[in-house]
Structures are given as structure tokens and as C-alpha cells.
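See below for upload-v8.txt, which holds compact mmCIF, C-alpha atoms and all ligand atoms.
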```txt
# COMPACT_ATOMS: atom_id res chain seq x y z
CA MET A 1 93.24 71.85 122.36
CA ILE A 2 92.73 75.58 121.85
CA GLY A 3 96.32 76.54 122.70
CA LEU A 4 97.84 73.76 120.58
CA ALA A 5 95.74 74.65 117.54
CA ILE A 6 96.69 78.33 117.86
CA ALA A 7 100.36 77.37 118.14
CA TRP A 8 100.12 75.35 114.94
CA ARG A 9 98.30 78.06 112.99
CA ALA A 10 100.56 80.84 114.34
CA ARG A 11 103.65 78.92 113.20
CA ALA A 12 102.07 78.63 109.74
CA ARG A 13 102.10 82.45 109.70
CA GLY A 14 105.80 82.49 110.52
CA LEU A 15 105.51 83.57 114.16
CA GLY A 16 107.87 82.19 116.81
CA VAL A 17 105.76 80.16 119.26
CA THR A 18 106.40 78.64 122.69
CA VAL A 19 103.66 76.76 124.55
CA PHE A 20 103.74 76.31 128.33
CA ASP A 21 101.42 73.78 129.94
CA GLY A 22 101.39 72.92 133.62
CA ARG A 23 100.58 69.32 132.70
CA ASP A 24 100.55 67.52 129.33
CA PRO A 25 99.15 69.63 126.50
CA GLY A 26 95.70 68.26 125.66
CA SER A 27 95.11 66.87 129.14
CA GLY A 28 92.51 69.40 130.34
CA ALA A 29 88.82 69.43 129.41
CA SER A 30 89.87 68.50 125.89
CA SER A 31 90.78 64.97 127.02
CA VAL A 32 87.38 64.54 128.68
CA ALA A 33 85.18 65.99 125.90
CA ALA A 34 82.91 63.70 123.92
CA GLY A 35 83.91 65.42 120.67
CA MET A 36 80.50 66.34 119.28
CA LEU A 37 80.69 68.96 116.54
CA ALA A 38 77.14 70.06 117.08
CA PRO A 39 76.24 73.68 116.31
CA VAL A 40 72.72 72.74 115.17
CA THR A 41 71.85 70.55 118.17
CA GLU A 42 73.37 73.08 120.59
CA ALA A 43 71.59 76.10 119.02
CA GLU A 44 69.73 78.24 121.56
CA ALA A 45 67.35 81.12 120.95
CA GLY A 46 69.29 84.34 121.58
CA GLU A 47 72.71 82.86 120.75
CA ARG A 48 72.80 83.60 117.01
CA ALA A 49 76.40 84.84 116.97
CA LEU A 50 77.55 81.65 118.71
CA LEU A 51 75.55 79.57 116.22
CA ALA A 52 77.21 81.38 113.30
CA LEU A 53 80.68 80.85 114.81
CA GLY A 54 79.90 77.18 115.43
CA MET A 55 78.57 76.66 111.89
CA GLU A 56 81.69 78.28 110.46
CA SER A 57 83.95 76.08 112.59
CA ALA A 58 81.97 72.94 111.67
CA ARG A 59 82.48 73.88 108.01
CA ARG A 60 86.24 74.05 108.60
CA TRP A 61 86.48 70.71 110.46
CA PRO A 62 86.81 68.29 107.49
CA ALA A 63 89.76 70.22 106.03
CA PHE A 64 91.29 70.72 109.51
CA ALA A 65 91.13 66.96 110.18
CA ALA A 66 92.48 66.11 106.73
CA GLU A 67 95.37 68.56 107.10
CA LEU A 68 96.25 67.12 110.51
CA ARG A 69 96.26 63.61 109.02
CA ASP A 70 98.41 64.73 106.08
CA VAL A 71 101.08 66.38 108.23
CA THR A 72 101.14 63.91 111.15
CA GLY A 73 99.78 60.61 109.81
CA VAL A 74 97.23 60.62 112.69
CA ASP A 75 93.61 59.98 111.76
CA VAL A 76 91.73 62.12 114.30
CA GLY A 77 88.51 60.12 114.06
CA TYR A 78 86.38 62.73 112.26
CA ARG A 79 83.07 60.99 111.54
CA ALA A 80 80.36 62.57 109.37
CA CYS A 81 77.83 60.41 111.20
CA GLY A 82 75.01 62.90 111.87
CA THR A 83 72.98 63.13 115.06
CA LEU A 84 69.61 61.84 116.21
CA VAL A 85 67.78 63.64 119.03
CA VAL A 86 65.11 61.51 120.68
CA ALA A 87 62.20 62.09 123.06
CA ARG A 88 61.13 59.44 125.57
CA ASP A 89 57.69 60.67 126.63
CA GLY A 90 54.97 63.17 125.80
CA ASP A 91 56.64 66.09 127.60
CA GLU A 92 59.95 65.47 125.88
CA ALA A 93 58.18 65.13 122.51
CA GLU A 94 56.52 68.53 123.02
CA ALA A 95 59.89 70.05 123.94
CA LEU A 96 61.45 68.45 120.86
CA ASP A 97 58.73 69.94 118.66
CA ARG A 98 59.67 73.37 120.02
CA GLU A 99 63.33 72.63 119.17
CA VAL A 100 62.27 71.71 115.62
CA ALA A 101 60.37 74.99 115.27
CA LEU A 102 63.37 77.01 116.53
CA ARG A 103 65.70 75.31 114.05
CA GLU A 104 63.24 75.91 111.21
CA ARG A 105 63.15 79.62 112.11
CA LEU A 106 66.95 79.66 112.11
CA GLY A 107 67.06 77.95 108.69
CA LEU A 108 68.91 74.89 110.04
CA ARG A 109 68.63 71.51 108.33
CA THR A 110 66.67 69.04 110.49
CA ALA A 111 63.89 66.50 109.92
CA ARG A 112 61.22 65.22 112.29
CA LEU A 113 61.13 61.41 112.32
CA LEU A 114 58.44 59.04 113.51
CA PRO A 115 59.62 56.45 116.04
CA SER A 116 59.43 53.68 113.42
CA GLU A 117 61.77 55.60 111.10
CA ALA A 118 64.17 56.42 113.95
CA ARG A 119 64.33 52.74 114.90
CA ARG A 120 64.82 51.72 111.27
CA ARG A 121 67.91 53.98 111.21
CA GLU A 122 69.14 52.94 114.66
CA PRO A 123 67.78 49.46 115.46
CA ALA A 124 69.30 49.47 118.96
CA LEU A 125 66.77 52.16 120.07
CA ALA A 126 64.17 51.05 122.61
CA PRO A 127 60.49 50.91 121.53
CA SER A 128 59.79 53.65 124.11
CA VAL A 129 61.05 56.39 121.74
CA ARG A 130 58.16 58.82 121.12
CA LEU A 131 59.66 61.17 118.55
CA ALA A 132 63.03 61.84 116.92
CA LEU A 133 64.81 64.67 115.17
CA ASP A 134 67.38 63.94 112.48
CA VAL A 135 70.26 66.45 112.47
CA PRO A 136 72.31 65.42 109.44
CA ASP A 137 75.05 68.07 109.77
CA ASP A 138 76.15 67.56 113.40
CA HIS A 139 79.11 65.18 113.47
CA ALA A 140 81.89 64.04 115.84
CA VAL A 141 85.64 63.70 116.26
CA ASP A 142 87.90 62.01 118.82
CA PRO A 143 89.37 64.90 120.87
CA ARG A 144 92.22 62.82 122.33
CA LEU A 145 93.41 61.93 118.83
CA VAL A 146 93.08 65.58 117.77
CA ALA A 147 95.18 66.72 120.73
CA ALA A 148 97.84 64.08 120.00
CA ALA A 149 97.93 65.14 116.35
CA LEU A 150 98.12 68.83 117.26
CA VAL A 151 101.12 68.19 119.53
CA LEU A 152 102.92 66.55 116.61
CA ALA A 153 101.79 69.14 114.07
CA ALA A 154 102.77 72.11 116.25
CA ARG A 155 106.20 70.60 116.99
CA GLN A 156 106.82 69.70 113.33
CA ALA A 157 105.91 73.26 112.37
CA GLY A 158 108.56 74.56 114.78
CA ALA A 159 106.60 75.46 117.91
CA VAL A 160 108.41 74.72 121.18
CA LEU A 161 106.21 72.86 123.70
CA HIS A 162 107.08 72.75 127.40
CA THR A 163 105.09 70.25 129.45
CA GLY A 164 104.94 70.41 133.24
CA ALA A 165 105.70 74.11 132.93
CA GLY A 166 102.92 75.97 134.72
CA VAL A 167 102.59 79.72 134.21
CA ARG A 168 102.13 81.68 137.42
CA SER A 169 101.61 85.15 136.04
CA VAL A 170 101.48 87.40 133.04
CA VAL A 171 104.25 90.02 133.16
CA CYS A 172 103.39 93.56 132.05
CA ASP A 173 105.32 96.79 131.75
CA GLY A 174 102.67 99.46 132.19
CA GLU A 175 100.01 98.79 129.57
CA ARG A 176 102.06 96.31 127.49
CA VAL A 177 102.69 92.62 128.08
CA THR A 178 106.36 91.61 128.14
CA GLY A 179 106.16 87.88 128.90
CA VAL A 180 105.17 85.32 131.50
CA ALA A 181 106.57 84.16 134.84
CA LEU A 182 106.61 80.39 135.32
CA GLU A 183 105.85 78.45 138.50
CA ASP A 184 109.59 77.70 138.86
CA GLY A 185 110.30 81.44 139.11
CA SER A 186 111.84 81.90 135.66
CA VAL A 187 110.60 84.70 133.41
CA VAL A 188 110.15 84.27 129.66
CA GLN A 189 110.07 87.33 127.42
CA ALA A 190 107.40 87.55 124.73
CA GLY A 191 106.01 90.26 122.49
CA GLN A 192 102.55 88.70 122.61
CA VAL A 193 100.96 86.28 125.09
CA VAL A 194 97.84 84.18 124.41
CA VAL A 195 96.07 82.83 127.48
CA ALA A 196 94.44 79.52 126.47
CA ALA A 197 94.29 77.95 129.91
CA GLY A 198 90.68 76.76 129.71
CA ALA A 199 88.79 76.80 133.02
CA TRP A 200 91.94 78.05 134.81
CA SER A 201 92.34 81.15 132.61
CA ALA A 202 91.03 83.60 135.22
CA LEU A 203 93.47 82.31 137.87
CA LEU A 204 96.60 83.72 136.22
CA GLU A 205 98.21 86.43 138.30
CA GLY A 206 99.47 89.72 136.91
CA VAL A 207 96.45 90.55 134.73
CA PRO A 208 95.31 94.10 135.54
CA ALA A 209 91.77 94.26 136.95
CA SER A 210 90.46 96.05 133.83
CA ALA A 211 91.63 93.17 131.62
CA GLN A 212 90.31 90.25 133.66
CA VAL A 213 87.67 87.91 132.25
CA PRO A 214 84.80 86.05 133.94
CA VAL A 215 85.74 82.42 133.21
CA ARG A 216 84.53 79.77 135.66
CA PRO A 217 84.86 75.96 135.80
CA VAL A 218 81.76 73.88 135.00
CA LYS A 219 82.33 70.25 135.89
CA GLY A 220 81.31 67.43 133.56
CA GLN A 221 81.66 63.67 133.97
CA THR A 222 81.63 61.18 131.10
CA LEU A 223 81.65 57.41 131.06
CA ARG A 224 83.61 55.50 128.41
CA LEU A 225 82.28 52.11 127.31
CA LEU A 226 83.64 49.43 124.98
CA ASP A 227 81.82 46.83 122.93
CA PRO A 228 84.37 44.00 122.65
CA SER A 229 82.49 42.63 119.65
CA GLY A 230 83.25 45.83 117.72
CA PRO A 231 81.18 48.70 116.26
CA GLY A 232 77.54 48.51 115.21
CA LEU A 233 75.36 49.20 118.25
CA LEU A 234 74.87 52.84 117.21
CA GLU A 235 75.98 54.64 114.08
CA ARG A 236 74.92 58.23 114.84
CA VAL A 237 75.42 60.47 117.85
CA LEU A 238 72.32 60.03 120.02
CA ARG A 239 71.09 62.93 122.16
CA TYR A 240 68.25 63.09 124.66
CA GLU A 241 67.08 65.22 127.58
CA GLY A 242 70.12 65.51 129.84
CA GLY A 243 72.59 63.33 127.95
CA TYR A 244 74.13 61.78 124.87
CA ILE A 245 75.91 58.72 123.51
CA VAL A 246 78.75 59.34 121.04
CA PRO A 247 79.94 56.31 119.04
CA ARG A 248 83.60 56.44 118.07
CA GLY A 249 83.00 54.02 115.19
CA ASP A 250 85.31 51.33 116.58
CA GLY A 251 83.15 49.80 119.34
CA ARG A 252 83.86 52.58 121.86
CA TYR A 253 81.12 54.87 123.16
CA VAL A 254 81.16 58.02 125.28
CA LEU A 255 78.19 58.63 127.58
CA GLY A 256 77.82 62.17 128.81
CA ALA A 257 77.62 64.34 130.61
CA THR A 258 76.86 65.90 133.95
CA VAL A 259 76.79 69.70 134.24
CA GLU A 260 77.86 70.69 137.77
CA GLU A 261 78.73 74.05 139.30
CA ARG A 262 81.23 72.76 141.88
CA GLY A 263 84.27 74.98 141.42
CA PHE A 264 87.49 73.13 140.63
CA ASP A 265 86.27 69.80 142.03
CA THR A 266 86.99 66.90 139.62
CA ALA A 267 85.94 63.96 141.81
CA MET A 268 84.25 61.13 139.94
CA THR A 269 81.04 60.07 141.63
CA ALA A 270 78.98 56.90 141.75
CA GLY A 271 75.88 59.07 141.32
CA ALA A 272 77.10 60.38 137.97
CA ALA A 273 77.91 56.88 136.69
CA TYR A 274 74.45 55.73 137.80
CA GLU A 275 72.60 58.61 136.12
CA LEU A 276 74.56 58.38 132.87
CA LEU A 277 73.89 54.62 132.60
CA ARG A 278 70.25 54.88 133.70
CA ASP A 279 69.37 57.51 131.07
CA ALA A 280 71.37 55.94 128.24
CA SER A 281 70.09 52.41 128.85
CA GLU A 282 66.46 53.56 128.88
CA LEU A 283 66.93 54.46 125.23
CA VAL A 284 69.58 51.93 124.19
CA PRO A 285 69.24 48.89 126.46
CA GLY A 286 72.21 47.21 124.75
CA ILE A 287 74.48 49.75 126.46
CA LEU A 288 74.30 47.63 129.63
CA GLU A 289 76.17 44.78 127.87
CA LEU A 290 79.23 46.95 127.24
CA GLU A 291 82.44 47.01 129.27
CA ILE A 292 83.34 50.04 131.37
CA GLU A 293 86.67 51.54 130.32
CA GLU A 294 86.76 54.80 132.23
CA LEU A 295 84.84 57.43 134.19
CA VAL A 296 86.42 60.86 133.72
CA ALA A 297 85.66 64.35 134.98
CA GLY A 298 86.70 67.63 133.38
CA LEU A 299 86.13 71.36 133.71
CA ARG A 300 84.45 73.31 130.93
CA PRO A 301 85.56 76.95 130.74
CA GLY A 302 82.22 78.71 131.23
CA THR A 303 81.36 82.38 130.66
CA PRO A 304 78.28 84.44 131.61
CA ASP A 305 76.87 84.34 128.04
CA ASN A 306 78.19 80.87 127.09
CA GLY A 307 80.34 82.37 124.32
CA PRO A 308 84.14 82.19 124.07
CA ILE A 309 86.44 85.13 124.78
CA LEU A 310 88.64 85.74 121.76
CA GLY A 311 91.36 88.27 121.08
CA ALA A 312 92.86 91.40 122.60
CA ALA A 313 92.62 91.90 126.35
CA GLN A 314 91.22 95.25 127.50
CA GLY A 315 93.96 97.82 128.00
CA VAL A 316 97.01 95.50 127.83
CA ALA A 317 98.73 95.58 124.44
CA GLY A 318 100.00 92.19 123.31
CA LEU A 319 97.82 90.13 125.68
CA LEU A 320 95.16 87.95 124.02
CA TRP A 321 92.47 85.64 125.37
CA ALA A 322 91.45 82.38 123.72
CA THR A 323 89.25 80.86 126.37
CA GLY A 324 85.70 80.41 127.65
CA HIS A 325 84.69 77.84 125.02
CA PHE A 326 82.34 76.15 127.53
CA ARG A 327 80.47 73.21 125.91
CA ASN A 328 81.82 73.74 122.39
CA GLY A 329 85.59 74.05 122.56
CA ILE A 330 86.24 71.07 120.32
CA LEU A 331 83.78 72.33 117.73
CA LEU A 332 85.27 75.84 117.91
CA THR A 333 88.94 74.83 117.71
CA PRO A 334 89.54 75.40 113.96
CA VAL A 335 87.86 78.81 113.80
CA THR A 336 89.44 79.97 117.08
CA ALA A 337 92.91 79.00 115.90
CA ASP A 338 92.48 80.87 112.61
CA LEU A 339 91.03 84.00 114.27
CA ILE A 340 93.71 84.21 116.96
CA ALA A 341 96.59 83.45 114.58
CA ALA A 342 95.32 86.22 112.28
CA GLU A 343 95.16 88.67 115.18
CA LEU A 344 98.67 87.72 116.32
CA ALA A 345 99.86 88.44 112.79
CA GLY A 346 98.26 91.90 112.92
CA GLU A 347 95.02 91.13 111.06
CA PRO A 348 92.26 91.46 113.68
CA ALA A 349 88.98 89.97 112.49
CA GLU A 350 85.46 91.17 113.20
CA HIS A 351 83.50 88.92 115.55
CA ALA A 352 81.09 89.14 118.48
CA PHE A 353 83.35 87.51 121.08
CA ALA A 354 85.80 90.24 122.11
CA ALA A 355 86.78 90.41 125.78
CA ASP A 356 85.44 93.96 126.13
CA ARG A 357 81.83 92.75 126.11
CA PHE A 358 82.36 91.92 129.79
CA ALA A 359 83.98 95.25 130.68
CA SER A 360 82.29 96.94 133.62
CA PRO A 361 80.50 100.14 132.59
CA ALA A 362 82.35 103.38 133.28
CA PRO A 363 81.25 104.79 136.65
CA GLY A 364 78.43 107.30 136.26
CA PRO A 365 78.12 110.62 138.11
CA ALA A 366 78.33 110.32 141.88
CA ALA A 367 74.94 109.66 143.44
CA VAL A 368 73.40 112.67 145.16
CA PRO A 369 72.50 111.76 148.74
CA ALA A 370 68.77 111.90 149.41
CA PRO A 371 67.73 114.82 151.54
C1 LIG B 1 82.32 66.38 130.04
C2 LIG B 1 82.63 67.33 128.93
C3 LIG B 1 82.15 67.06 127.65
C4 LIG B 1 82.42 67.95 126.60
N1 LIG B 1 81.96 67.64 125.34
C5 LIG B 1 82.24 68.48 124.31
C6 LIG B 1 81.82 68.15 123.01
O1 LIG B 1 81.22 67.09 122.78
N2 LIG B 1 82.09 69.04 121.99
C7 LIG B 1 82.76 70.20 122.22
O2 LIG B 1 82.95 70.96 121.27
N3 LIG B 1 83.19 70.52 123.46
C8 LIG B 1 82.94 69.70 124.51
N4 LIG B 1 83.35 70.01 125.75
C9 LIG B 1 83.98 71.32 125.98
C10 LIG B 1 85.47 71.26 125.63
O3 LIG B 1 86.06 70.16 126.24
C11 LIG B 1 86.14 72.55 126.08
O4 LIG B 1 85.44 73.69 125.65
C12 LIG B 1 87.56 72.60 125.47
O5 LIG B 1 88.21 71.38 125.71
C13 LIG B 1 88.35 73.75 126.06
O6 LIG B 1 89.64 73.63 125.54
P1 LIG B 1 90.82 74.49 126.16
O7 LIG B 1 92.04 74.14 125.40
O8 LIG B 1 90.41 75.90 126.25
O9 LIG B 1 90.90 73.97 127.68
P2 LIG B 1 91.54 72.66 128.29
O10 LIG B 1 91.40 71.49 127.37
O11 LIG B 1 91.01 72.51 129.66
O12 LIG B 1 93.07 73.01 128.33
C14 LIG B 1 93.58 73.99 129.19
C15 LIG B 1 95.05 73.70 129.35
O13 LIG B 1 95.63 74.76 130.07
C16 LIG B 1 96.58 74.20 130.97
N5 LIG B 1 96.77 75.17 132.05
C17 LIG B 1 95.85 75.62 132.93
N6 LIG B 1 96.40 76.55 133.75
C18 LIG B 1 97.69 76.68 133.37
C19 LIG B 1 98.77 77.47 133.83
N7 LIG B 1 98.64 78.34 134.85
N8 LIG B 1 99.96 77.34 133.21
C20 LIG B 1 100.13 76.49 132.19
N9 LIG B 1 99.13 75.71 131.71
C21 LIG B 1 97.93 75.81 132.29
C22 LIG B 1 95.96 72.89 131.42
O14 LIG B 1 96.95 72.00 131.90
C23 LIG B 1 95.32 72.40 130.13
O15 LIG B 1 96.19 71.58 129.37
C24 LIG B 1 83.16 69.13 126.83
C25 LIG B 1 83.68 69.37 128.09
C26 LIG B 1 83.43 68.48 129.14
C27 LIG B 1 84.03 68.73 130.49
```

Could you quickly redo this structure as C-alpha cells?
Ligand SMILES: Cc1cc2nc3c(=O)[nH]c(=O)nc-3n(C[C@H](O)[C@H](O)[C@H](O)COP(=O)(O)OP(=O)(O)OC[C@H]3O[C@@H](n4cnc5c(N)ncnc54)[C@H](O)[C@@H]3O)c2cc1C
Amino acid sequence: MIGLAIAWRARARGLGVTVFDGRDPGSGASSVAAGMLAPVTEAEAGERALLALGMESARRWPAFAAELRDVTGVDVGYRACGTLVVARDGDEAEALDREVALRERLGLRTARLLPSEARRREPALAPSVRLALDVPDDHAVDPRLVAAALVLAARQAGAVLHTGAGVRSVVCDGERVTGVALEDGSVVQAGQVVVAAGAWSALLEGVPASAQVPVRPVKGQTLRLLDPSGPGLLERVLRYEGGYIVPRGDGRYVLGATVEERGFDTAMTAGAAYELLRDASELVPGILELEIEELVAGLRPGTPDNGPILGAAQGVAGLLWATGHFRNGILLTPVTADLIAAELAGEPAEHAFAADRFASPAPGPAAVPAP
């Protein structure tokens, strides 16, 4: 998603663009994501810069979706549906109250709802709901439709997309990038190279040690369900301790998601399906009537501070990172594409997500051995 969106925006600035993907563009984590655009629900104390970036990207989403529809004819399923966060017991209600207080301090729009009001808005909710939080500005989109639209939009704009064309290494001449070497051994010249390889970004060869970034895979499994009788079970995104249900608005629902530190493993497990269904059906019993369409696993590109890595690589002119979007890559797609396209065109923007925040400190004076 990230690479495709950058390709589209870079073409709009008149740059020549070629995209190489080892598989089908849009088939990585982006095809597994639930598609929540949720800066308010995801807000954490101590992550103000990420919140600001997420809010800015959420603001850009309606126009981004409309532009994609205008140029490709694909409706990407942007739904201004809002989000409801619910607590199931006393402990969860206390935790939710703390979340309300944090959002109030951050000036974010939320409202505490009594269970009766929550159930009036979403009648499928179980009577066991203890407390709810209305988050009117967190919405959703269908990431698979977005990726399909971005492929069309990037191609129509003149970007060249190569599928099944894995990149083995970045090629540098001293401190300047000169292109990439593909898995098939061919070398492609380029004045600038953007690495947008998601959870695999740190595996590329040829990146000097000083320029490398700490991106790791964080596995997530989601279950896709279908209501053959159509939409209506849930209108809003529903979130709860450890999970969520995202309605697509057409009778399809995404239940997510596990968070697993298991390297590049993408096995789908019975345990994950069980946990996702157990938690979701406690709150929305009607979920158990739905048909199972798919269980999918993907790899979030995680970073040590949960923020993305955007822009110039340390010490290698022409090499840029656009990776590490962790849990919010779909949300952050519009703003990332605009920031990276601007930087490619020679207009670097100010933001808190430069790669150099992970640079190792310069070695200090040699330690004096103890007598
Ligand atoms: C279960 C789950 C739920 C999620 N839910 C949400 C959500 O609700 N909202 C949200 O905002 N985000 C969500 N995310 C996070 C989001 O999916 C990611 O942050 C985002 O998709 C990252 O996009 P990307 O383009 O960087 O990576 P990817 O989508 O993984 O794409 C990377 C691409 O790089 C290609 N590639 C890798 N290595 C190479 C190579 N050497 N050469 C060529 N190509 C290569 C891959 O084939 C792939 O196409 C979720 C993630 C998961 C796993």
C-alpha cells in the first residue's frame, strides 16, 4: 500500500517511477489489514507525534478515497462509520475510564456512553456491556480495494509496476545510491530508491550498516466473516480489550487481530480463530451465525517506538525509507505518500519520523581500565 501510494503521488510530481514487488503489489500486510483509520482509538500517552501524524492522515483520507474513485472508478469502501469501544466487566470499565481521561487531556473528541445508549446505537451488543466510549472520528476503509485502486491509479499515471520482481539489494557507489539489484541478477539504475518493503525492509542487502533501520515483523491473524442476509448486524467499528470487529457495510466483517512476535512465521492457527471468535461473540453473539470466508495472517512492520520511518537514509544520498508503519499503515498511507513524494521532488518536510532517530550514538572516549 505504502509503495503504491508513493508511486502514484511521485508520478503526479512528474518523476519517473518504477515499482518492483516480489509478489503482487498490495499482497503484503496491506491485504490482511482490517482497514481501521483510528488515530483517536490508537492514541497512547507518550506518542503525541504519531497521534498528530495519524490525525493529519485521517483528515486526508476522504479526499484520497474520492480522488482514487475519480481516476479509477473503484470505490475503496471508505466508511465514515465511527467507532465504539466497549468494556465487558468492572476492570475493563476502569481501564476505559482511564482511556477517556487520556483522550480528554489530548483534546480528542469522544463521549462516554451508558450501556443502554450503546445498545440503542448497536442493538446486536450483548447485555453484558458495562461501559462504552463513542469515538465519532475513527472510520474505516477496505484496504484490498484501496490497493487495487492504487495499482490502477499508479499505472494510469505512468508508473511502471513489475510484479514477481523481488529486489535483492540496494546498489550504492560510495555514499550515493545508484539503483537496485533484482533477485534475477539484473541491475536497474535509479537516481533515488524508496524502500517500502513493509516487514521485510530490513532484509535488503547492500544497505551500509550506518543506514540500516530496526524494522521487525509482528504477526497478526484476522478472521473474515460473511452475513449472507446482508449488512445490518453492526454499523460502527467495535473495539474491545484485545480485539475488534470491522463491518465493511455489505455484510462482511473482519475480526482481529492477534499480535505475535514470531519472526516471519505466517501460519494460521486454530488457537487464533478460537480466540477471535470467543472474544467477539461474547460482545456480539450474532457473530456466531455468520459464515467463515477466510483466516489470514500478515506481518506488521514494527519499530522500537511504534512510529514509521520516513525519508532520507543516514549517510546514503538518494536512498529513502517509507516503512515501519506497524499497526497504522493503512491510516498513514495518504500522509506518507505526500511526504515521501515531496522529499523525492526535493522538498523535504519537517516531521518526527526521520530514520536518524535510531542512529547509534557516536562512540564516546575509550574507557579507562580500572586500576
Ligand atoms: C492483522 C493486521 C491488521 C491490521 N490492521 C490495520 C488497520 O486496521 N489499520 C491500519 O492502518 N493498519 C493496519 N495494519 C497495519 C498495516 O497493514 C501495515 O502497517 C501496512 O499494510 C504496511 O504497508 P506496507 O506497504 O509498508 O507493507 P506491506 O503491505 O507488507 O507491503 C510490503 C510489500 O513489499 C514487498 N516486498 C517485500 N520484500 C521485497 C523485496 N525484497 N523486493 C520486492 N518487494 C518486496 C511485499 O511483497 C509487499 O507487497 C494491520 C496489519 C495486520 C497484520

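Minimum atom-to-atom distances from A:Asp89, A:Asp279, A:Asp137, A:Asp265 to Ile245 of chain A were compared using only C-alpha atoms, and the lowest value belongs to A:Asp279.
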
For this session: List every protein, DNA or RNA residue with an atom no more than 9 Å from (83.1, 73.8, 119.9) in the file's coordinates, counting only C-alpha atoms, and format the result as a ChimeraX atom specification.
Result: /A:35-39,54,57-58,325-334

How about saving the chosen residues, C-alpha atoms kept, as a JSON list (two decimals), in the frame of the given file?
```
[["chain", "number", "residue", "atom", "x", "y", "z"],
["A", 35, "GLY", "CA", 83.91, 65.42, 120.67],
["A", 36, "MET", "CA", 80.50, 66.34, 119.28],
["A", 37, "LEU", "CA", 80.69, 68.96, 116.54],
["A", 38, "ALA", "CA", 77.14, 70.06, 117.08],
["A", 39, "PRO", "CA", 76.24, 73.68, 116.31],
["A", 54, "GLY", "CA", 79.90, 77.18, 115.43],
["A", 57, "SER", "CA", 83.95, 76.08, 112.59],
["A", 58, "ALA", "CA", 81.97, 72.94, 111.67],
["A", 325, "HIS", "CA", 84.69, 77.84, 125.02],
["A", 326, "PHE", "CA", 82.34, 76.15, 127.53],
["A", 327, "ARG", "CA", 80.47, 73.21, 125.91],
["A", 328, "ASN", "CA", 81.82, 73.74, 122.39],
["A", 329, "GLY", "CA", 85.59, 74.05, 122.56],
["A", 330, "ILE", "CA", 86.24, 71.07, 120.32],
["A", 331, "LEU", "CA", 83.78, 72.33, 117.73],
["A", 332, "LEU", "CA", 85.27, 75.84, 117.91],
["A", 333, "THR", "CA", 88.94, 74.83, 117.71],
["A", 334, "PRO", "CA", 89.54, 75.40, 113.96]]
```

For this session: Check which residues fall inside 6 Å of ligand LIG 1 (chain B) when counting only C-alpha atoms and all ligand atoms, and print them as a PyMOL selection string.
Result: chain A and resi 1-3+20-30+32-37+166-168+196-200+204+219-222+257+298-300+323+325-331

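Taking atom CA of Val215 of chain A and atom CA of Arg13 of chain A as the two end points, the separation is 28.6 Å.
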
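The gap separating atom CA of Val146 of chain A from atom CA of Ser169 of chain A is 28.1 Å, in Å to one decimal.
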